[in-house]
Amino acid sequence: MSLTKQPTQVIGIASGKGGVGKTTVSVNLAVALQAQGERVMLLDADLGLANAQIALGTPCPYNLSHFLAGQKTLQEIMVTTRHGVRLIPGASGLHEMAGISGVQAAGIVQAFSVFEDELDYLIVDMAAGISPPVMSFMQACPRRFIVVRDDPSSIADAYGTIKVLIQDFGVDEIYLIPNGMTNQQDGQLLYERINQVCARFLGRSIHYLSTIEHDELVLSALRKHQPVLEFAPGSTGARDFRRLAESVRQMAPITEATGGLQFFVERLVGRGT
């Protein structure tokens with residue numbers, strides 16, 4: 001294995017509450033990165049109410065419940081979408097999957113080592129909230145994106161998620177993605193409001209990444225079980241997701257392990273040895 005190859009970049013996408021478009025962002029970012037020539041895998045880590053496969057219009061005969069039961073390997077549950085994105089589907093409607101243990105979460109993370117030479121990006125679509133499985137997966141991702149809408153409950157829950165990540169787990173590399181905004185400027189202003197609160201009360205700043213503007217075609221695409229990049233490639237939403245993907249590709253790669261459980265940690269630890 002060449003030590004000069006950049007390690008797979010892992011991004012966890014979360015939100016304080018449900019219904020803010022977290023899976024929509026995850027799916028469309030994955031499709032946009034793949035379309036820009038990257039090798040992308042999407043892990044649907046919403047283990048109780050997974051729906052990435054619905055948003056992608058991709059039938060999945062198996063999912064992570066079969067992996068955790070020892071019935072299938074990750075390679076066996078993986079499907080490749082028509083967009084070229086490799087998908088590891090979560091489980092939907094299985095209550096026991098929503099409350100997996102830390103050991104089970106660690107088993108999922110460590111199993112991804114089999115893909116380390118095959119991927120440029122791994123995007124991990126989290127469940128909403130701050131449950132122990134969500135926090136385990138978020139810690140295992142060197143970069144964390146928080147999706148937020150401009151409404152009081154979404155802002156409060158996004159801040160709560162950021163607070164837990166910083167104060168309880170000491171992580172950094174936290175980026176905000178305002179979603180459903182009127183324009184780019186309003187997204188920037190929302191970020192600045194939240195960042196000011198983080199700097200004042202948490203003593204840490206977060207990063208701004210990109211804004212996704214409101215576009216009815218994004219919802220229309222979801223109803224058709226398609227990413228908006230496929231359903232309406234000339235739309236505002238498709239433009240913003242392409243812009244988001246370009247911003248992600250411009251980020252300096254993370255090449256060192258930061259301690260604790262991490263995806264592809266073997267490559268990070270082994271670099272330069």
# chains A, B, ... in the order shown; residues from 1 in each chain; ligands from 1
$ closest_atom_pairs --of "segment 10-95 of chain A" --to "segment 217-236 of chain A" --cutoff "9 Å" --atoms "only C-alpha atoms" --output "CSV"
residue,atom,partner,partner_atom,distance
A:Thr24,CA,A:Pro227,CA,7.7
A:Val27,CA,A:Pro227,CA,6.8
A:Asn28,CA,A:Pro227,CA,5.7
A:Val31,CA,A:Leu229,CA,7.5
A:Ala32,CA,A:Leu229,CA,7.3
A:Gln53,CA,A:His225,CA,8.6
A:Ile54,CA,A:His225,CA,5.8
A:Ala55,CA,A:His225,CA,4.8
A:Leu56,CA,A:Gln226,CA,5.2
A:Gly57,CA,A:His225,CA,4.7
A:Thr58,CA,A:His225,CA,8.4
A:His83,CA,A:Glu230,CA,8.6
$ residues_around --residues "Met251 of chain A" --least-positions-apart "6" --cutoff "12 Å" --atoms "only C-alpha atoms" --output "PyMOL selection string"
chain A and resi 9-11+143+173+175+207+209+244-245
$ write_last_selection --atoms "N, CA and C atoms" --output "PDB file, in the first residue's frame"
ATOM      1  N   GLN A   9     -11.353  10.540   3.402  1.00  0.00           N
ATOM      2  CA  GLN A   9     -11.873  11.634   4.223  1.00  0.00           C
ATOM      3  C   GLN A   9     -13.275  11.264   4.715  1.00  0.00           C
ATOM      4  N   VAL A  10     -13.465  11.337   6.016  1.00  0.00           N
ATOM      5  CA  VAL A  10     -14.715  10.891   6.641  1.00  0.00           C
ATOM      6  C   VAL A  10     -15.454  12.092   7.212  1.00  0.00           C
ATOM      7  N   ILE A  11     -16.722  12.224   6.843  1.00  0.00           N
ATOM      8  CA  ILE A  11     -17.548  13.360   7.247  1.00  0.00           C
ATOM      9  C   ILE A  11     -18.816  12.836   7.903  1.00  0.00           C
ATOM     10  N   ARG A 143     -14.329  14.966  10.630  1.00  0.00           N
ATOM     11  CA  ARG A 143     -15.039  16.222  10.369  1.00  0.00           C
ATOM     12  C   ARG A 143     -16.526  16.018  10.625  1.00  0.00           C
ATOM     13  N   GLU A 173     -13.254  20.586  14.420  1.00  0.00           N
ATOM     14  CA  GLU A 173     -13.650  20.365  13.013  1.00  0.00           C
ATOM     15  C   GLU A 173     -15.175  20.241  12.901  1.00  0.00           C
ATOM     16  N   TYR A 175     -18.541  22.058  11.436  1.00  0.00           N
ATOM     17  CA  TYR A 175     -18.934  22.984  10.380  1.00  0.00           C
ATOM     18  C   TYR A 175     -20.455  23.099  10.345  1.00  0.00           C
ATOM     19  N   HIS A 207     -17.039  26.411  12.234  1.00  0.00           N
ATOM     20  CA  HIS A 207     -16.705  26.876  10.889  1.00  0.00           C
ATOM     21  C   HIS A 207     -17.955  26.969  10.027  1.00  0.00           C
ATOM     22  N   LEU A 209     -19.459  26.539   6.240  1.00  0.00           N
ATOM     23  CA  LEU A 209     -19.097  25.774   5.052  1.00  0.00           C
ATOM     24  C   LEU A 209     -19.817  26.287   3.815  1.00  0.00           C
ATOM     25  N   LEU A 244     -21.438  22.995  -2.511  1.00  0.00           N
ATOM     26  CA  LEU A 244     -21.042  22.374  -1.253  1.00  0.00           C
ATOM     27  C   LEU A 244     -19.968  21.315  -1.497  1.00  0.00           C
ATOM     28  N   ALA A 245     -20.162  20.483  -2.515  1.00  0.00           N
ATOM     29  CA  ALA A 245     -19.178  19.446  -2.833  1.00  0.00           C
ATOM     30  C   ALA A 245     -17.827  20.064  -3.196  1.00  0.00           C
TER      31      ALA A 245
END
$ closest_residue --among "A:Pro61, A:Gly70, A:Gly84, A:Gly18" --to "Arg39 of chain A" --atoms "only C-alpha atoms"
A:Gly84
$ residues_around --residues "Gly180 of chain A" --least-positions-apart "3" --cutoff "8 Å" --atoms "only C-alpha atoms" --output "CSV table (one decimal) with N, CA and C atoms, in the first residue's frame"
chain,number,residue,atom,x,y,z
A,149,ARG,N,-31.7,24.7,10.3
A,149,ARG,CA,-32.6,25.7,9.7
A,149,ARG,C,-32.9,26.9,10.5
A,150,ASP,N,-33.4,27.9,9.9
A,150,ASP,CA,-33.5,29.2,10.7
A,150,ASP,C,-34.9,29.2,11.4
A,212,ILE,N,-27.4,26.1,1.8
A,212,ILE,CA,-28.4,25.5,0.8
A,212,ILE,C,-29.6,26.4,0.8
A,213,GLU,N,-29.9,27.0,-0.3
A,213,GLU,CA,-31.1,27.9,-0.4
A,213,GLU,C,-32.4,27.0,-0.5
A,214,HIS,N,-33.5,27.6,-0.1
A,214,HIS,CA,-34.8,27.0,-0.3
A,214,HIS,C,-35.1,26.8,-1.7
A,215,ASP,N,-35.6,25.6,-2.1
A,215,ASP,CA,-35.9,25.2,-3.4
A,215,ASP,C,-37.0,24.1,-3.4
$ select_by_dssp --residues "segment 173-208 of chain A" --states "strand (DSSP E)" --output "CSV table (one decimal) with C-alpha atoms, in the first residue's frame"
chain,number,residue,atom,x,y,z
A,174,ILE,CA,-17.3,21.3,13.4
A,175,TYR,CA,-18.9,23.0,10.4
A,176,LEU,CA,-22.4,24.5,10.0
A,177,ILE,CA,-24.6,24.1,6.9
A,178,PRO,CA,-27.6,26.4,7.0
A,179,ASN,CA,-30.4,24.7,5.0
A,180,GLY,CA,-33.6,26.0,3.4
A,181,MET,CA,-32.4,29.6,3.5
A,207,HIS,CA,-16.7,26.9,10.9
A,208,TYR,CA,-19.0,28.0,8.1
$ closest_residue --among "A:Lys163, A:Asp120, A:Gln184, A:Gly16" --to "Arg200 of chain A" --atoms "only C-alpha atoms"
A:Lys163
$ select_by_dssp --residues "segment 78-252 of chain A" --states "helix (DSSP H, G or I)" --output "ChimeraX atom specification"
/A:95-99,102-115,132-140,152-168,184-201,216-223,228-231,236-249
$ residues_around --residues "Gln110 of chain A" --least-positions-apart "6" --cutoff "8 Å" --atoms "only C-alpha atoms" --output "list in words"
Gln262, Phe263 and Phe264 of chain A
$ write_last_selection --atoms "C-alpha atoms" --output "mmCIF file, in the first residue's frame"
data_model
loop_
_atom_site.group_PDB
_atom_site.id
_atom_site.type_symbol
_atom_site.label_atom_id
_atom_site.label_comp_id
_atom_site.auth_asym_id
_atom_site.auth_seq_id
_atom_site.Cartn_x
_atom_site.Cartn_y
_atom_site.Cartn_z
ATOM 1 C CA GLN A 262 -12.089 6.442 14.221
ATOM 2 C CA PHE A 263 -12.937 5.215 10.758
ATOM 3 C CA PHE A 264 -9.860 3.966 8.830
#
$ atom_distance --atom1 "atom CA of Glu216 of chain A" --atom2 "atom CA of Gly237 of chain A"
8.6 Å
$ atom_distance --atom1 "atom CA of Tyr121 of chain A" --atom2 "atom CA of Ser101 of chain A"
25.6 Å
$ closest_residue --among "A:Val114, A:Val134, A:Ala106, A:Ala30" --to "Leu47 of chain A" --atoms "only C-alpha atoms"
A:Val134
$ closest_residue --among "A:Thr211, A:Ala45, A:Gln34, A:Pro59" --to "Ser247 of chain A" --atoms "only C-alpha atoms"
A:Thr211
$ closest_residue --among "A:Val20, A:Ile155, A:Leu74, A:Cys141" --to "Ile254 of chain A" --atoms "only C-alpha atoms"
A:Cys141
$ closest_residue --among "A:Ile108, A:Val148, A:Ile162, A:Leu33" --to "Ala69 of chain A" --atoms "only C-alpha atoms"
A:Ile108
$ residues_around --residues "Val197 of chain A" --least-positions-apart "3" --cutoff "12 Å" --atoms "only C-alpha atoms" --output "list in words"
Ile155, Ala156, Ala158, Tyr159, Gly160, Ile162, Lys163, Leu190, Tyr191, Glu192, Arg193, Ile194, Arg200, Phe201, Leu202, Gly203, Arg204, Ser205 and Ile206 of chain A
